[in-house]
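Text of input.csv, listed as CSV, C-alpha atoms:
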```
chain,number,residue,atom,x,y,z
X,7,MET,CA,-129.5,-96.7,-176.2
X,8,ASN,CA,-130.5,-98.2,-179.6
X,9,VAL,CA,-128.5,-100.8,-181.5
X,10,LEU,CA,-129.0,-103.7,-183.9
X,11,ILE,CA,-126.8,-106.7,-183.1
X,12,LYS,CA,-126.2,-108.8,-186.1
X,13,SER,CA,-125.6,-112.6,-186.3
X,14,ALA,CA,-125.1,-113.2,-182.6
X,15,THR,CA,-125.0,-116.8,-181.2
X,16,ILE,CA,-127.2,-116.7,-178.0
X,17,LEU,CA,-126.1,-118.7,-175.0
X,18,ASP,CA,-128.8,-118.6,-172.4
X,19,GLY,CA,-130.3,-121.9,-171.2
X,20,LYS,CA,-133.5,-120.2,-170.2
X,21,SER,CA,-134.1,-118.5,-173.5
X,22,ASP,CA,-136.1,-119.9,-176.4
X,23,PHE,CA,-133.3,-118.7,-178.6
X,24,HIS,CA,-130.5,-120.7,-176.8
X,25,ASN,CA,-127.8,-121.9,-179.2
X,26,GLN,CA,-129.4,-120.0,-182.1
X,27,THR,CA,-127.6,-117.3,-184.2
X,28,GLN,CA,-130.0,-114.4,-184.4
X,29,ASP,CA,-130.2,-110.6,-184.9
X,30,ILE,CA,-131.1,-108.7,-181.7
X,31,LEU,CA,-132.7,-105.3,-181.7
X,32,VAL,CA,-132.1,-103.2,-178.6
X,33,GLU,CA,-134.2,-100.0,-178.2
X,34,ASN,CA,-134.0,-97.7,-175.2
X,35,GLY,CA,-132.1,-100.4,-173.3
X,36,PHE,CA,-134.7,-103.2,-173.9
X,37,ILE,CA,-134.7,-106.1,-176.3
X,38,THR,CA,-137.6,-105.4,-178.7
X,39,LYS,CA,-136.9,-107.9,-181.5
X,40,ILE,CA,-135.1,-111.2,-182.0
X,41,SER,CA,-135.0,-112.8,-185.5
X,42,ASN,CA,-132.6,-114.5,-187.9
X,43,LYS,CA,-132.7,-111.5,-190.1
X,44,LEU,CA,-133.8,-108.0,-188.9
X,45,LYS,CA,-134.1,-104.9,-191.0
X,46,ASN,CA,-133.0,-101.5,-189.7
X,47,PRO,CA,-135.6,-98.9,-190.9
X,48,ASN,CA,-134.7,-96.5,-188.0
X,49,LYS,CA,-131.0,-96.6,-189.1
X,50,TYR,CA,-129.7,-97.5,-185.6
X,51,PRO,CA,-126.0,-98.3,-185.1
X,52,VAL,CA,-125.3,-101.8,-186.3
X,53,LEU,CA,-122.9,-104.1,-184.3
X,54,VAL,CA,-121.1,-106.6,-186.4
X,55,LEU,CA,-118.3,-108.5,-184.7
X,56,GLU,CA,-116.3,-111.6,-185.5
X,57,ASN,CA,-117.8,-114.9,-184.1
X,58,LEU,CA,-120.1,-112.9,-181.9
X,59,HIS,CA,-121.7,-114.7,-179.0
X,60,VAL,CA,-124.0,-113.1,-176.4
X,61,SER,CA,-125.1,-114.2,-173.0
X,62,ASN,CA,-126.7,-112.9,-169.8
X,63,GLY,CA,-124.4,-110.4,-168.2
X,64,TRP,CA,-121.8,-112.0,-165.9
X,65,PHE,CA,-121.4,-111.7,-162.1
X,66,ASP,CA,-118.3,-111.9,-160.0
X,67,SER,CA,-118.8,-112.6,-156.3
X,68,SER,CA,-115.5,-111.2,-155.0
X,69,VAL,CA,-114.0,-108.0,-156.3
X,70,SER,CA,-111.8,-105.5,-154.5
X,71,PHE,CA,-111.0,-102.0,-155.8
X,72,GLY,CA,-109.4,-99.8,-153.2
X,73,GLU,CA,-111.6,-96.6,-153.0
X,74,PRO,CA,-112.1,-95.2,-150.5
X,75,GLY,CA,-108.6,-95.1,-149.0
X,76,PHE,CA,-106.5,-97.0,-151.5
X,77,GLU,CA,-107.2,-95.1,-154.7
X,78,GLU,CA,-103.6,-95.7,-155.9
X,79,ARG,CA,-104.6,-99.4,-156.3
X,80,GLU,CA,-107.9,-98.8,-158.0
X,81,THR,CA,-110.8,-96.3,-158.1
X,82,ILE,CA,-114.5,-97.4,-158.2
X,83,SER,CA,-115.0,-95.6,-161.5
X,84,ASN,CA,-112.1,-97.2,-163.4
X,85,GLY,CA,-112.7,-100.5,-161.7
X,86,LEU,CA,-116.2,-100.6,-163.0
X,87,VAL,CA,-114.9,-99.7,-166.5
X,88,VAL,CA,-112.5,-102.7,-166.2
X,89,ALA,CA,-115.4,-104.9,-165.1
X,90,ALA,CA,-117.6,-103.9,-168.1
X,91,SER,CA,-114.8,-104.3,-170.6
X,92,SER,CA,-114.2,-107.8,-169.1
X,93,GLY,CA,-117.9,-108.8,-169.6
X,94,PHE,CA,-119.3,-108.3,-166.1
X,95,THR,CA,-122.6,-106.5,-165.7
X,96,ASP,CA,-122.6,-107.1,-161.9
X,97,ILE,CA,-119.8,-107.4,-159.3
X,98,ALA,CA,-119.8,-107.8,-155.5
X,99,LEU,CA,-117.5,-105.3,-153.9
X,100,ASN,CA,-115.5,-106.4,-150.9
X,101,SER,CA,-115.2,-104.3,-147.8
X,102,ASN,CA,-111.4,-104.1,-147.6
X,103,THR,CA,-111.1,-100.3,-148.0
X,104,PHE,CA,-110.0,-97.6,-145.6
X,105,PRO,CA,-112.2,-97.0,-143.8
X,106,VAL,CA,-113.7,-100.4,-143.9
X,107,ILE,CA,-117.2,-100.6,-145.4
X,108,ASP,CA,-119.0,-101.4,-142.1
X,109,SER,CA,-122.0,-98.9,-141.9
X,110,HIS,CA,-125.1,-97.7,-143.7
X,111,SER,CA,-123.3,-94.6,-144.9
X,112,ASP,CA,-120.3,-96.6,-146.2
X,113,ILE,CA,-122.6,-98.8,-148.3
X,114,SER,CA,-124.5,-95.8,-149.6
X,115,PHE,CA,-121.2,-94.1,-150.5
X,116,VAL,CA,-119.9,-96.9,-152.7
X,117,ILE,CA,-123.3,-97.4,-154.4
X,118,SER,CA,-123.5,-93.6,-155.1
X,119,LYS,CA,-120.0,-93.8,-156.8
X,120,SER,CA,-121.3,-96.4,-159.2
X,121,ILE,CA,-124.5,-94.7,-160.3
X,122,ASN,CA,-124.9,-94.7,-164.1
X,123,SER,CA,-122.1,-97.2,-164.5
X,124,LEU,CA,-122.5,-100.0,-167.0
X,125,THR,CA,-121.6,-102.5,-164.3
X,126,LYS,CA,-123.8,-102.6,-161.2
X,127,LEU,CA,-121.9,-102.6,-157.9
X,128,HIS,CA,-123.3,-104.8,-155.1
X,129,PRO,CA,-121.4,-104.0,-151.8
X,130,ILE,CA,-120.5,-106.7,-149.2
X,131,GLY,CA,-120.6,-105.1,-145.8
X,132,ALA,CA,-118.0,-106.0,-143.2
X,133,LEU,CA,-119.2,-108.5,-140.7
X,134,THR,CA,-117.5,-106.8,-137.7
X,135,ASN,CA,-116.7,-103.2,-136.9
X,136,GLU,CA,-113.6,-102.2,-138.9
X,137,SER,CA,-113.2,-105.9,-139.7
X,138,ASN,CA,-111.6,-106.3,-136.3
X,139,GLY,CA,-113.3,-109.6,-135.6
X,140,ILE,CA,-114.6,-108.4,-132.2
X,141,ASP,CA,-118.1,-106.8,-132.5
X,142,LEU,CA,-120.7,-107.4,-135.1
X,143,ALA,CA,-121.3,-104.4,-137.4
X,144,ASP,CA,-124.8,-103.0,-137.9
X,145,LEU,CA,-125.7,-105.7,-140.4
X,146,PHE,CA,-129.4,-105.0,-140.8
X,147,ASP,CA,-128.8,-101.3,-141.4
X,148,MET,CA,-126.3,-102.2,-144.1
X,149,LYS,CA,-128.8,-104.6,-145.6
X,150,LEU,CA,-131.3,-101.7,-145.8
X,151,ALA,CA,-128.6,-99.6,-147.6
X,152,GLY,CA,-128.0,-102.3,-150.2
X,153,SER,CA,-125.5,-104.8,-148.9
X,154,ILE,CA,-125.9,-108.3,-150.4
X,155,ALA,CA,-123.8,-110.2,-147.8
X,156,PHE,CA,-121.5,-109.7,-144.8
X,157,GLY,CA,-117.9,-110.7,-144.4
X,158,ASP,CA,-114.4,-109.6,-143.3
X,159,TYR,CA,-112.4,-110.0,-146.5
X,160,LYS,CA,-109.6,-112.5,-146.1
X,161,LYS,CA,-110.0,-112.5,-142.4
X,162,PRO,CA,-111.3,-115.6,-140.6
X,163,ILE,CA,-113.9,-115.4,-137.8
X,164,LYS,CA,-111.8,-116.5,-134.8
X,165,ASN,CA,-114.6,-116.3,-132.3
X,166,SER,CA,-116.9,-119.3,-132.8
X,167,ASN,CA,-119.7,-117.7,-130.8
X,168,LEU,CA,-119.5,-114.6,-133.0
X,169,LEU,CA,-120.2,-116.7,-136.1
X,170,LYS,CA,-123.1,-118.5,-134.3
X,171,ILE,CA,-124.7,-115.2,-133.4
X,172,ALA,CA,-124.1,-113.7,-136.8
X,173,LEU,CA,-125.8,-116.7,-138.5
X,174,GLN,CA,-128.7,-116.6,-136.1
X,175,TYR,CA,-129.2,-112.8,-136.4
X,176,THR,CA,-128.9,-112.6,-140.2
X,177,SER,CA,-131.4,-115.4,-140.6
X,178,ASN,CA,-134.1,-112.9,-139.4
X,179,PHE,CA,-133.7,-110.9,-142.7
X,180,ASP,CA,-132.4,-113.6,-145.1
X,181,GLY,CA,-128.8,-112.3,-144.8
X,182,ILE,CA,-125.7,-114.2,-145.9
X,183,VAL,CA,-122.6,-114.5,-143.7
X,184,GLN,CA,-119.2,-115.1,-145.3
X,185,SER,CA,-116.5,-116.9,-143.4
X,186,PHE,CA,-113.0,-116.9,-144.8
X,187,PRO,CA,-111.6,-120.5,-144.4
X,188,GLN,CA,-108.3,-120.2,-142.6
X,189,GLU,CA,-107.4,-121.1,-139.0
X,190,GLU,CA,-104.8,-118.3,-138.2
X,191,GLU,CA,-103.0,-120.1,-135.4
X,192,ILE,CA,-102.0,-122.8,-137.9
X,193,SER,CA,-101.5,-120.6,-140.9
X,194,LYS,CA,-99.6,-117.8,-139.0
X,195,LYS,CA,-96.8,-116.2,-141.0
X,196,GLY,CA,-97.3,-118.7,-143.8
X,197,VAL,CA,-96.7,-117.3,-147.3
X,198,MET,CA,-97.4,-120.3,-149.6
X,199,ASN,CA,-98.7,-123.8,-149.6
X,200,GLU,CA,-97.0,-126.1,-147.1
X,201,ASP,CA,-95.4,-129.0,-148.9
X,202,ILE,CA,-92.2,-130.1,-150.6
X,203,ILE,CA,-91.7,-126.9,-152.5
X,204,SER,CA,-92.2,-124.6,-149.5
X,205,THR,CA,-89.5,-126.7,-147.6
X,206,SER,CA,-87.1,-126.5,-150.5
X,207,LEU,CA,-87.5,-122.8,-150.8
X,208,GLY,CA,-87.2,-122.2,-147.1
X,209,LEU,CA,-90.6,-120.4,-146.9
X,210,LYS,CA,-93.1,-120.8,-144.1
X,211,GLY,CA,-96.1,-122.8,-145.4
X,212,ILE,CA,-99.9,-122.6,-144.9
X,213,PRO,CA,-101.0,-126.2,-144.6
X,214,ALA,CA,-104.3,-127.4,-146.1
X,215,LEU,CA,-105.2,-128.3,-142.6
X,216,ALA,CA,-105.6,-124.6,-141.7
X,217,GLU,CA,-108.4,-124.3,-144.3
X,218,GLU,CA,-110.1,-127.6,-143.6
X,219,LEU,CA,-110.2,-127.1,-139.8
X,220,GLN,CA,-112.0,-123.8,-140.2
X,221,ILE,CA,-114.5,-125.2,-142.6
X,222,VAL,CA,-115.3,-128.1,-140.3
X,223,ARG,CA,-115.9,-125.7,-137.4
X,224,ASP,CA,-118.0,-123.4,-139.5
X,225,LEU,CA,-120.2,-126.2,-140.8
X,226,PHE,CA,-120.8,-127.6,-137.3
X,227,ILE,CA,-121.9,-124.1,-136.2
X,228,LEU,CA,-124.1,-123.7,-139.3
X,229,GLU,CA,-125.8,-127.0,-138.5
X,230,TYR,CA,-126.5,-125.9,-135.0
X,231,SER,CA,-127.5,-122.3,-135.6
X,232,GLY,CA,-129.1,-122.3,-139.0
X,233,GLY,CA,-128.8,-119.3,-141.3
X,234,LYS,CA,-127.0,-118.9,-144.7
X,235,LEU,CA,-123.2,-119.4,-144.9
X,236,HIS,CA,-121.0,-118.6,-147.8
X,237,ILE,CA,-117.4,-119.9,-147.8
X,238,PRO,CA,-115.3,-117.9,-150.2
X,239,THR,CA,-112.3,-119.2,-152.2
X,240,ILE,CA,-111.7,-122.7,-151.1
X,241,SER,CA,-108.5,-124.3,-152.3
X,242,THR,CA,-108.1,-127.9,-151.1
X,243,LYS,CA,-109.4,-131.4,-152.1
X,244,LYS,CA,-110.6,-132.1,-148.6
X,245,SER,CA,-112.5,-128.8,-148.5
X,246,VAL,CA,-114.5,-129.9,-151.5
X,247,GLU,CA,-115.4,-133.2,-149.8
X,248,LEU,CA,-116.4,-131.4,-146.6
X,249,ILE,CA,-118.8,-129.0,-148.4
X,250,ARG,CA,-120.1,-131.8,-150.6
X,251,ASN,CA,-121.1,-133.8,-147.5
X,252,ALA,CA,-122.6,-130.7,-145.9
X,253,LYS,CA,-124.8,-130.2,-148.9
X,254,LEU,CA,-126.0,-133.8,-148.7
X,255,LYS,CA,-127.1,-133.0,-145.1
X,256,LYS,CA,-129.1,-130.1,-146.6
X,257,LEU,CA,-127.1,-127.4,-144.8
X,258,ASP,CA,-127.6,-123.9,-146.4
X,259,VAL,CA,-124.0,-123.4,-147.5
X,260,SER,CA,-122.4,-122.2,-150.7
X,261,CYS,CA,-118.8,-121.7,-151.7
X,262,SER,CA,-116.6,-120.3,-154.4
X,263,VAL,CA,-113.2,-120.9,-155.9
X,264,ALA,CA,-110.8,-118.4,-157.3
X,265,ILE,CA,-110.1,-119.1,-161.0
X,266,HIS,CA,-106.3,-119.1,-160.4
X,267,ASN,CA,-106.7,-121.9,-157.9
X,268,LEU,CA,-108.1,-124.0,-160.6
X,269,LEU,CA,-105.2,-123.5,-163.0
X,270,PHE,CA,-102.0,-122.9,-161.1
X,271,THR,CA,-100.0,-124.9,-158.5
X,272,ASP,CA,-97.3,-124.0,-156.0
X,273,GLU,CA,-94.7,-124.9,-158.7
X,274,LYS,CA,-95.2,-121.4,-159.9
X,275,LEU,CA,-93.4,-120.0,-156.8
X,276,LYS,CA,-90.0,-121.7,-157.5
X,277,ASP,CA,-88.7,-118.4,-158.8
X,278,PHE,CA,-90.1,-116.4,-155.9
X,279,ASP,CA,-92.5,-114.5,-158.3
X,280,THR,CA,-94.7,-112.5,-156.0
X,281,SER,CA,-97.4,-112.3,-158.8
X,282,PHE,CA,-98.3,-115.8,-157.7
X,283,LYS,CA,-98.5,-114.9,-154.0
X,284,VAL,CA,-102.2,-115.2,-153.2
X,285,ASN,CA,-104.4,-116.2,-150.3
X,286,PRO,CA,-105.5,-118.9,-150.2
X,287,PRO,CA,-102.2,-120.1,-151.7
X,288,LEU,CA,-101.7,-122.0,-154.8
X,289,ARG,CA,-101.9,-125.7,-153.8
X,290,LEU,CA,-101.1,-129.0,-155.5
X,291,ALA,CA,-102.2,-130.6,-158.8
X,292,SER,CA,-104.4,-133.0,-156.8
X,293,ASP,CA,-106.2,-130.1,-155.3
X,294,ASN,CA,-106.7,-128.4,-158.7
X,295,LYS,CA,-108.2,-131.7,-160.0
X,296,ALA,CA,-110.6,-132.0,-157.0
X,297,LEU,CA,-111.6,-128.3,-157.3
X,298,ILE,CA,-112.4,-128.7,-161.0
X,299,GLU,CA,-114.5,-131.8,-160.3
X,300,GLY,CA,-116.3,-129.8,-157.5
X,301,VAL,CA,-117.1,-127.1,-160.1
X,302,LYS,CA,-118.4,-129.7,-162.6
X,303,ASP,CA,-120.6,-131.5,-160.1
X,304,GLY,CA,-122.0,-128.4,-158.5
X,305,THR,CA,-120.4,-128.8,-155.1
X,306,ILE,CA,-118.6,-125.5,-155.8
X,307,ASP,CA,-121.4,-123.0,-156.5
X,308,MET,CA,-119.5,-120.3,-158.3
X,309,VAL,CA,-116.1,-119.1,-159.5
X,310,THR,CA,-114.6,-115.7,-158.9
X,311,SER,CA,-111.7,-113.7,-160.2
X,312,ASP,CA,-111.0,-112.7,-156.6
X,313,HIS,CA,-109.8,-109.5,-158.3
X,314,ASN,CA,-107.5,-107.7,-155.8
X,315,PRO,CA,-105.4,-104.8,-157.1
X,316,ILE,CA,-102.1,-104.3,-155.3
X,317,ASN,CA,-99.8,-101.4,-156.1
X,318,ILE,CA,-96.3,-102.3,-157.4
X,319,GLU,CA,-94.5,-101.1,-154.3
X,320,GLN,CA,-96.2,-103.8,-152.3
X,321,LYS,CA,-95.5,-106.5,-154.8
X,322,LYS,CA,-92.0,-105.9,-156.1
X,323,ILE,CA,-90.4,-106.6,-152.7
X,324,GLU,CA,-89.0,-109.6,-150.8
X,325,PHE,CA,-91.4,-112.5,-151.1
X,326,ASP,CA,-92.1,-112.8,-147.3
X,327,PHE,CA,-93.2,-109.1,-147.2
X,328,ALA,CA,-95.1,-108.9,-150.5
X,329,LYS,CA,-98.9,-108.5,-150.2
X,330,ASN,CA,-101.2,-111.3,-151.3
X,331,GLY,CA,-103.5,-110.8,-154.3
X,332,THR,CA,-103.9,-110.7,-158.0
X,333,ILE,CA,-106.2,-108.9,-160.4
X,334,GLY,CA,-108.3,-111.2,-162.5
X,335,LEU,CA,-111.3,-109.5,-164.1
X,336,GLU,CA,-109.6,-109.0,-167.5
X,337,SER,CA,-108.4,-112.7,-167.7
X,338,ALA,CA,-111.5,-114.4,-166.1
X,339,PHE,CA,-113.4,-115.4,-169.2
X,340,GLY,CA,-110.3,-116.5,-171.2
X,341,ALA,CA,-108.9,-118.5,-168.3
X,342,LEU,CA,-112.2,-120.3,-167.6
X,343,ASN,CA,-113.0,-120.9,-171.3
X,344,SER,CA,-109.6,-122.6,-171.7
X,345,LEU,CA,-110.5,-125.0,-168.9
X,346,PHE,CA,-114.2,-125.7,-169.5
X,347,SER,CA,-116.6,-125.7,-172.5
X,348,THR,CA,-118.0,-122.2,-173.4
X,349,LYS,CA,-121.5,-123.2,-172.3
X,350,LYS,CA,-120.1,-124.3,-168.9
X,351,THR,CA,-118.0,-121.1,-168.6
X,352,ILE,CA,-121.1,-118.9,-169.2
X,353,GLN,CA,-123.1,-120.9,-166.6
X,354,LEU,CA,-120.3,-120.5,-164.1
X,355,LEU,CA,-120.1,-116.7,-164.7
X,356,ASN,CA,-123.9,-116.5,-163.9
X,357,ASN,CA,-124.1,-119.0,-161.1
X,358,GLY,CA,-123.7,-116.7,-158.1
X,359,LYS,CA,-126.6,-114.4,-158.9
X,360,ASP,CA,-129.4,-116.4,-157.3
X,361,ARG,CA,-127.4,-117.0,-154.1
X,362,PHE,CA,-126.7,-113.3,-153.7
X,363,GLY,CA,-130.1,-112.0,-154.9
X,364,VAL,CA,-128.7,-110.4,-158.1
X,365,THR,CA,-131.3,-109.8,-160.8
X,366,SER,CA,-130.8,-111.8,-164.0
X,367,SER,CA,-132.8,-111.2,-167.1
X,368,ILE,CA,-133.5,-113.8,-169.9
X,369,ILE,CA,-132.6,-113.0,-173.4
X,370,LYS,CA,-136.1,-112.6,-174.8
X,371,ILE,CA,-138.3,-109.9,-176.4
X,372,GLY,CA,-139.3,-107.4,-173.7
X,373,SER,CA,-136.4,-108.0,-171.4
X,374,LYS,CA,-133.9,-105.4,-170.3
X,375,ALA,CA,-130.7,-105.8,-172.2
X,376,GLN,CA,-128.0,-107.0,-169.8
X,377,LEU,CA,-125.7,-108.7,-172.2
X,378,SER,CA,-122.1,-109.9,-172.3
X,379,LEU,CA,-120.6,-110.0,-175.8
X,380,PHE,CA,-117.6,-112.2,-176.6
X,381,ASN,CA,-115.7,-114.4,-179.1
X,382,PRO,CA,-115.1,-117.8,-177.5
X,383,SER,CA,-112.7,-119.2,-180.0
X,384,LYS,CA,-109.9,-116.6,-180.1
X,385,ASN,CA,-106.6,-117.9,-178.7
X,386,TYR,CA,-104.0,-115.5,-177.4
X,387,VAL,CA,-101.3,-114.9,-174.8
X,388,PHE,CA,-102.4,-112.6,-172.0
X,389,GLU,CA,-100.0,-109.7,-171.8
X,390,LYS,CA,-99.7,-106.5,-169.8
X,391,LYS,CA,-101.3,-104.6,-172.7
X,392,HIS,CA,-104.6,-106.4,-171.9
X,393,ILE,CA,-104.6,-105.0,-168.4
X,394,LEU,CA,-106.9,-102.0,-167.9
X,395,SER,CA,-106.7,-101.9,-164.1
X,396,LYS,CA,-104.5,-99.2,-162.4
X,397,SER,CA,-102.6,-102.0,-160.7
X,398,LYS,CA,-100.9,-104.5,-162.9
X,399,ASN,CA,-100.4,-107.4,-160.5
X,400,SER,CA,-101.8,-110.3,-162.6
X,401,LEU,CA,-100.5,-113.8,-162.3
X,402,PHE,CA,-102.0,-114.6,-165.8
X,403,VAL,CA,-99.4,-112.5,-167.7
X,404,GLY,CA,-97.8,-114.9,-170.1
X,405,SER,CA,-100.6,-117.5,-169.9
X,406,LYS,CA,-102.3,-118.9,-173.0
X,407,LEU,CA,-106.0,-118.0,-172.9
X,408,LYS,CA,-109.0,-118.9,-175.1
X,409,GLY,CA,-111.7,-116.4,-175.7
X,410,SER,CA,-111.8,-112.7,-175.8
X,411,VAL,CA,-114.5,-110.3,-174.5
X,412,TYR,CA,-115.9,-107.4,-176.6
X,413,GLY,CA,-117.7,-105.8,-173.6
X,414,VAL,CA,-121.3,-105.4,-172.4
X,415,ILE,CA,-124.5,-103.8,-173.2
X,416,ALA,CA,-126.2,-102.9,-169.9
X,417,ASN,CA,-127.9,-100.1,-168.1
X,418,ASN,CA,-129.1,-98.6,-171.4
X,419,SER,CA,-125.5,-98.1,-172.6
X,420,SER,CA,-122.6,-100.0,-174.0
X,421,SER,CA,-118.9,-100.4,-173.4
X,422,ILE,CA,-118.4,-101.2,-177.1
X,423,LYS,CA,-117.9,-98.3,-179.5
X,424,LEU,CA,-120.9,-98.2,-181.9
```

Spit out the file's structure as structure tokens when you get a sec.
Amino acid sequence: MNVLIKSATILDGKSDFHNQTQDILVENGFITKISNKLKNPNKYPVLVLENLHVSNGWFDSSVSFGEPGFEERETISNGLVVAASSGFTDIALNSNTFPVIDSHSDISFVISKSINSLTKLHPIGALTNESNGIDLADLFDMKLAGSIAFGDYKKPIKNSNLLKIALQYTSNFDGIVQSFPQEEEISKKGVMNEDIISTSLGLKGIPALAEELQIVRDLFILEYSGGKLHIPTISTKKSVELIRNAKLKKLDVSCSVAIHNLLFTDEKLKDFDTSFKVNPPLRLASDNKALIEGVKDGTIDMVTSDHNPINIEQKKIEFDFAKNGTIGLESAFGALNSLFSTKKTIQLLNNGKDRFGVTSSIIKIGSKAQLSLFNPSKNYVFEKKHILSKSKNSLFVGSKLKGSVYGVIANNSSSIKL
């Protein structure tokens, strides 16, 4: 692919052109020239866009699609189109499919379905067979097939010894174990945050204690066993404090937060709107504040859309029985950019790469073009027309966002019409 990108403000802290507005020439998928004014003797397509900014392609550490097994929710092919249109050149795919992604052949299958896509798919293999929490899956074999981490999506590891063995075993090949932070005996049958609002609505709550107890246990085991632990989508003030202290002790732990847990509180559930039914649940304003501070000071390593398509039949039902989950790829940049500075937003959308071993290129001459293109200043209200996913279960519908995405240039192609 060949294209001349005109007047693009480059946001890449590792680039010599950081914060500069430059023309960028891409030839055969590589950046061949960067200058404040480039000519176009080969008459390549010219890309001119309003308030154009470019950065390294973004990465999302927690994305679900559905295929295989739940294609009515989302297919891999359309999901990757959504990701590219939303500015993501890399996504980590969760294992919550049917069958569960728990073998070498399963990893190979989902990777094969993504070949030649603009967005690169990095599978997360299930930690246990069929994500049943009983027996470890063949982790090393999945690593050989291309798995970047191992975890049972939204399912806690109940057996403490299983987590210990998993951490010890994966340390032999630099693997990452994910442990969802929720103690099920305490959270059982809970459908939202436990507090005044859950009581007033008559809904069973999930106390912050359920998350924090699990994190305490996991960190104790990590300190004993060694290995690499990733705690996905934390949601409470105390969780931030626990992980901050663990990092001070030099434990090899990372964590993420879902973007919606930074912005929304359990107040949104007063009308029993199942769009806001997510796991972990929306918590209190004090939790939001602590999470944002954790993002700013680096305690929280990365943010995620926690994109999880759910078909309408499983959302438009009685609140107690509706499935947890929201899509979030399409709204991720605009939501983050309305909360943080654009430079911080871009940093957050790249942060998880090093942890998960995802290749990142610097915007410089000779580098492969893996670029996200966007306008950080456009204000708009997120509506259903902005949703490209097959499922439409977004809790951001009706929210004011700042910043729109043009698409990506990656894998020697572009999601933007040239």

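Between Gly363 of chain X and the candidates X:Ile16, X:Phe23, X:Lys149, X:Asn48, the tightest atom-to-atom separation, counting only C-alpha atoms, involves X:Lys149.
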
Spatial neighbours of segment 122-125 of chain X, max dist 9 Å, only C-alpha atoms, sep filter under 2 positions, as JSON, numbers by chain: {"X": [83, 86, 87, 89, 90, 94, 95, 96, 97, 119, 120, 127, 414, 415, 416, 417, 418, 419, 420, 421]}

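If you measure from each of X:Thr81, X:Asn385, X:Ser260, X:Thr271 to Phe362 of chain X using only C-alpha atoms, the closest one turns out to be X:Ser260.
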
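Among X:Phe146, X:Phe325, X:Ser193, X:Ile113, the residue with the shortest atom-to-atom distance to Leu209 of chain X, counting all atoms listed in the file, is X:Phe325.
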
Contacts of segment 8-15 of chain X at 7 Å (only C-alpha atoms; same-chain gap of 6+ positions) as a ChimeraX atom specification: /X:25-35,50-54,58-60

Per residue of segment 62-115 of chain X within 6 Å of segment 298-314 of chain X, note the shortest atom pair and the distance in Å to one decimal, counting all atoms listed in the file, and order the rows by chain and increasing residue number, as a tab-separated table.
```
residue	atom	partner	partner_atom	distance
X:Asp66	CA	X:Thr310	CA	5.4
X:Ser67	CA	X:Thr310	CA	5.8
X:Ser68	CA	X:Asp312	CA	5.0
X:Val69	CA	X:His313	CA	4.9
X:Ser70	CA	X:Asn314	CA	5.0
```

Within 8 Å of file point (-115.8, -109.7, -142.3), counting all atoms listed in the file, expressed as number ranges by chain: X: 101, 131-134, 137, 139, 156-163, 184-185

Could you give me, as a Markdown table, every segment 269-319 of chain X residue with an atom at most 7 Å from segment 386-399 of chain X, plus its closest atom pair and distance in Å to one decimal, counting only C-alpha atoms, rows ordered by chain then number?
```
| residue | atom | partner | partner_atom | distance |
| --- | --- | --- | --- | --- |
| X:Ser281 | CA | X:Asn399 | CA | 6.0 |
| X:Pro315 | CA | X:Ser397 | CA | 5.4 |
| X:Ile316 | CA | X:Ser397 | CA | 5.9 |
| X:Asn317 | CA | X:Ser397 | CA | 5.4 |
```

Near-Val183 of chain X list (7 Å; all atoms listed in the file; drop same-chain fewer than 4 positions) as JSON, numbers by chain: {"X": [155, 156, 157, 173, 234, 235, 236]}

Take the residues just selected and output them with C-alpha atoms as a compact mmCIF listing (two decimals), keeping the file's coordinate frame.
```
# COMPACT_ATOMS: atom_id res chain seq x y z
CA ALA X 155 -123.80 -110.20 -147.80
CA PHE X 156 -121.50 -109.70 -144.80
CA GLY X 157 -117.90 -110.70 -144.40
CA LEU X 173 -125.80 -116.70 -138.50
CA LYS X 234 -127.00 -118.90 -144.70
CA LEU X 235 -123.20 -119.40 -144.90
CA HIS X 236 -121.00 -118.60 -147.80
```

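Picture a line from atom CA of Ala151 of chain X to atom CA of Val106 of chain X; it runs 15.4 Å.
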
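Take atom CA of Ala143 of chain X and atom CA of Pro287 of chain X: the distance between them is 28.6 Å.
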
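Taking only C-alpha atoms into account, Val197 of chain X lies nearest to X:Ala328 out of the set X:Leu254, X:Ala328, X:Ala214, X:Leu145.
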
Might I get the box with edges along x, y and z of the file that holds all atoms of segment 144-148 of chain X listed there, padded by 4 Å on every side, given as centre and edge lengths in Å to one decimal, as lines of an AutoDock Vina configuration file?
```
center_x = -127.1
center_y = -103.5
center_z = -141.0
size_x = 12.6
size_y = 12.4
size_z = 14.2
```

Who sits within 9 Å of Ser292 of chain X, all atoms listed in the file, same chain under 4 positions skipped, as a PyMOL selection string: chain X and resi 242-243+296-297

Please work out which residues fall within 7 Å of (-119.4, -106.5, -174.9), coordinates as given in the file, with all atoms listed in the file counting, and return them as a PDB file with C-alpha atoms, keeping the file's coordinate frame.
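And here's result-v1.pdb as it stands now:
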```pdb
ATOM      1  CA  SER X  91    -114.800-104.300-170.600  1.00  0.00           C
ATOM      2  CA  GLY X  93    -117.900-108.800-169.600  1.00  0.00           C
ATOM      3  CA  SER X 378    -122.100-109.900-172.300  1.00  0.00           C
ATOM      4  CA  LEU X 379    -120.600-110.000-175.800  1.00  0.00           C
ATOM      5  CA  PHE X 380    -117.600-112.200-176.600  1.00  0.00           C
ATOM      6  CA  VAL X 411    -114.500-110.300-174.500  1.00  0.00           C
ATOM      7  CA  TYR X 412    -115.900-107.400-176.600  1.00  0.00           C
ATOM      8  CA  GLY X 413    -117.700-105.800-173.600  1.00  0.00           C
ATOM      9  CA  VAL X 414    -121.300-105.400-172.400  1.00  0.00           C
ATOM     10  CA  ILE X 415    -124.500-103.800-173.200  1.00  0.00           C
ATOM     11  CA  SER X 421    -118.900-100.400-173.400  1.00  0.00           C
ATOM     12  CA  ILE X 422    -118.400-101.200-177.100  1.00  0.00           C
TER      13      ILE X 422
END
```
